[in-house]
$ cat entry29.cif   # mmCIF, C-alpha atoms, pLDDT in the B column; chains and numbers go by the auth columns
data_work
loop_
_atom_site.group_PDB
_atom_site.id
_atom_site.type_symbol
_atom_site.label_atom_id
_atom_site.label_comp_id
_atom_site.label_asym_id
_atom_site.label_seq_id
_atom_site.Cartn_x
_atom_site.Cartn_y
_atom_site.Cartn_z
_atom_site.B_iso_or_equiv
_atom_site.auth_seq_id
_atom_site.auth_asym_id
ATOM 1 C CA MET A 1 0.000 0.000 0.000 88.00 980 A
ATOM 2 C CA ALA A 2 1.309 3.446 -0.936 95.00 981 A
ATOM 3 C CA VAL A 3 0.227 6.919 0.137 95.00 982 A
ATOM 4 C CA LEU A 4 0.007 9.053 -3.017 96.00 983 A
ATOM 5 C CA ALA A 5 -1.036 12.288 -1.314 95.00 984 A
ATOM 6 C CA SER A 6 -1.886 13.571 2.135 96.00 985 A
ATOM 7 C CA LEU A 7 -3.278 16.746 3.612 95.00 986 A
ATOM 8 C CA ARG A 8 -3.577 17.471 7.303 96.00 987 A
ATOM 9 C CA SER A 9 -6.052 20.059 8.594 92.00 988 A
ATOM 10 C CA GLU A 10 -7.479 20.946 11.984 93.00 989 A
ATOM 11 C CA LEU A 11 -10.428 18.633 11.322 91.00 990 A
ATOM 12 C CA ALA A 12 -8.955 15.559 9.645 94.00 991 A
ATOM 13 C CA THR A 13 -6.131 14.005 7.722 95.00 992 A
ATOM 14 C CA VAL A 14 -7.083 13.292 4.110 94.00 993 A
ATOM 15 C CA LEU A 15 -5.148 10.604 2.258 95.00 994 A
ATOM 16 C CA VAL A 16 -5.105 9.145 -1.225 95.00 995 A
ATOM 17 C CA VAL A 17 -3.924 5.569 -0.807 96.00 996 A
ATOM 18 C CA GLU A 18 -3.233 3.062 -3.548 96.00 997 A
ATOM 19 C CA THR A 19 -3.220 -0.723 -3.253 96.00 998 A
ATOM 20 C CA GLU A 20 -2.507 -3.225 -6.000 95.00 999 A
ATOM 21 C CA ASP A 21 -6.138 -3.139 -7.186 94.00 1000 A
ATOM 22 C CA HIS A 22 -7.725 0.052 -5.807 94.00 1001 A
ATOM 23 C CA ARG A 23 -7.225 3.742 -5.078 94.00 1002 A
ATOM 24 C CA PHE A 24 -8.924 5.065 -1.912 93.00 1003 A
ATOM 25 C CA LEU A 25 -9.785 8.541 -0.669 92.00 1004 A
ATOM 26 C CA LEU A 26 -9.686 8.516 3.143 93.00 1005 A
ATOM 27 C CA SER A 27 -10.643 11.100 5.734 93.00 1006 A
ATOM 28 C CA ASP A 28 -8.842 9.887 8.847 92.00 1007 A
ATOM 29 C CA ASP A 29 -9.890 6.215 8.911 86.00 1008 A
ATOM 30 C CA VAL A 30 -13.120 6.624 6.918 89.00 1009 A
ATOM 31 C CA VAL A 31 -13.319 5.598 3.248 89.00 1010 A
ATOM 32 C CA ILE A 32 -14.819 8.511 1.309 86.00 1011 A
ATOM 33 C CA GLY A 33 -14.248 7.071 -2.149 85.00 1012 A
ATOM 34 C CA CYS A 34 -12.709 4.201 -4.039 89.00 1013 A
ATOM 35 C CA GLU A 35 -11.953 3.342 -7.651 89.00 1014 A
ATOM 36 C CA HIS A 36 -10.559 0.316 -9.408 91.00 1015 A
ATOM 37 C CA ARG A 37 -7.063 0.856 -10.789 92.00 1016 A
ATOM 38 C CA GLN A 38 -7.640 -1.415 -13.781 92.00 1017 A
ATOM 39 C CA ALA A 39 -9.008 0.768 -16.600 89.00 1018 A
ATOM 40 C CA SER A 40 -11.525 -1.845 -17.760 92.00 1019 A
ATOM 41 C CA LEU A 41 -13.169 -1.844 -14.305 91.00 1020 A
ATOM 42 C CA ARG A 42 -13.309 1.931 -13.706 81.00 1021 A
ATOM 43 C CA ASP A 43 -16.991 2.164 -14.661 80.00 1022 A
ATOM 44 C CA GLN A 44 -17.850 -0.298 -11.851 83.00 1023 A
ATOM 45 C CA MET A 45 -18.364 0.884 -8.291 82.00 1024 A
ATOM 46 C CA CYS A 46 -16.199 -0.591 -5.550 83.00 1025 A
ATOM 47 C CA PHE A 47 -18.972 -0.624 -2.942 81.00 1026 A
ATOM 48 C CA SER A 48 -22.698 -1.343 -3.240 77.00 1027 A
ATOM 49 C CA ALA A 49 -23.619 1.951 -1.529 72.00 1028 A
ATOM 50 C CA MET A 50 -21.737 3.875 -4.220 72.00 1029 A
ATOM 51 C CA ALA A 51 -23.513 1.857 -6.913 75.00 1030 A
ATOM 52 C CA LEU A 52 -26.852 2.737 -5.327 73.00 1031 A
ATOM 53 C CA MET A 53 -25.982 6.447 -5.385 71.00 1032 A
ATOM 54 C CA ALA A 54 -24.885 6.215 -9.023 72.00 1033 A
ATOM 55 C CA ALA A 55 -28.238 4.653 -9.976 77.00 1034 A
ATOM 56 C CA ILE A 56 -29.497 8.205 -10.506 73.00 1035 A
ATOM 57 C CA ILE A 57 -28.284 7.961 -14.109 74.00 1036 A
ATOM 58 C CA PHE A 58 -31.108 5.463 -14.792 81.00 1037 A
ATOM 59 C CA LEU A 59 -33.975 7.701 -13.617 81.00 1038 A
ATOM 60 C CA VAL A 60 -36.790 8.153 -16.131 85.00 1039 A
ATOM 61 C CA PRO A 61 -37.568 10.857 -16.910 87.00 1040 A
ATOM 62 C CA GLU A 62 -34.022 12.140 -16.601 80.00 1041 A
ATOM 63 C CA PRO A 63 -33.855 14.914 -13.979 79.00 1042 A
ATOM 64 C CA SER A 64 -32.995 18.337 -15.335 82.00 1043 A
ATOM 65 C CA ARG A 65 -31.293 19.362 -12.078 81.00 1044 A
ATOM 66 C CA VAL A 66 -29.782 17.444 -9.172 75.00 1045 A
ATOM 67 C CA LEU A 67 -28.513 18.752 -5.847 78.00 1046 A
ATOM 68 C CA CYS A 68 -25.471 16.846 -4.600 74.00 1047 A
ATOM 69 C CA LEU A 69 -24.878 17.437 -0.888 76.00 1048 A
ATOM 70 C CA GLY A 70 -21.550 16.189 0.402 74.00 1049 A
ATOM 71 C CA LEU A 71 -19.558 15.615 -2.761 70.00 1050 A
ATOM 72 C CA GLY A 72 -17.187 13.076 -1.203 66.00 1051 A
ATOM 73 C CA ALA A 73 -15.144 11.624 -4.045 65.00 1052 A
ATOM 74 C CA GLY A 74 -17.565 12.883 -6.701 67.00 1053 A
ATOM 75 C CA THR A 75 -18.809 9.409 -7.620 62.00 1054 A
ATOM 76 C CA VAL A 76 -22.285 10.423 -8.726 62.00 1055 A
ATOM 77 C CA PRO A 77 -21.450 13.648 -10.594 64.00 1056 A
ATOM 78 C CA ALA A 78 -18.623 11.865 -12.390 62.00 1057 A
ATOM 79 C CA ARG A 79 -21.081 9.296 -13.788 54.00 1058 A
ATOM 80 C CA THR A 80 -23.855 11.683 -14.826 51.00 1059 A
#
$ encode --input "entry29.cif" --output "structure tokens"
Amino acid sequence: MAVLASLRSELATVLVVETEDHRFLLSDDVVIGCEHRQASLRDQMCFSAMALMAAIIFLVPEPSRVLCLGLGAGTVPART
């Protein structure tokens, strides 16, 4: 496991950590985001909760506006 970037603030330490298969965005010990490193898997979510949030792209009719509170790793806006 390798730390690619880190930022320490008064509230938390934010890390970008890479393993053999994944890249994680962490706030202290909490996973905020994750992506597969293998390019062919990047359109797949790492966790079921992230897949549920990304399901917004299948709404019919397609929403004209969406409010995203708490961007996190930007999983949903990146897919829409």
$ atom_distance --input "entry29.cif" --atom1 "atom CA of A:Leu1004" --atom2 "atom CA of A:Phe1037"
25.8 Å
$ residues_around --input "entry29.cif" --residues "A:Arg1002" --least-positions-apart "2" --cutoff "12 Å" --atoms "all atoms listed in the file" --output "PyMOL selection string"
chain A and resi 980-984+994-1000+1004-1005+1010-1017+1021+1024-1025+1052
$ closest_residue --input "entry29.cif" --among "A:Leu1046, A:Asp1007, A:Phe1026, A:Leu1031" --to "A:Arg987" --atoms "all atoms listed in the file"
A:Asp1007
$ atom_distance --input "entry29.cif" --atom1 "atom CA of A:Thr992" --atom2 "atom CA of A:Ser1006"
5.7 Å
$ atom_distance --input "entry29.cif" --atom1 "atom CA of A:Leu1020" --atom2 "atom CA of A:Leu1038"
22.9 Å
$ closest_residue --input "entry29.cif" --among "A:Phe1003, A:Cys1047, A:Ala1034, A:Met1029" --to "A:Ser985" --atoms "only C-alpha atoms"
A:Phe1003
$ closest_residue --input "entry29.cif" --among "A:Ile1036, A:Ser988, A:His1001, A:Leu1050" --to "A:Ala1018" --atoms "all atoms listed in the file"
A:His1001
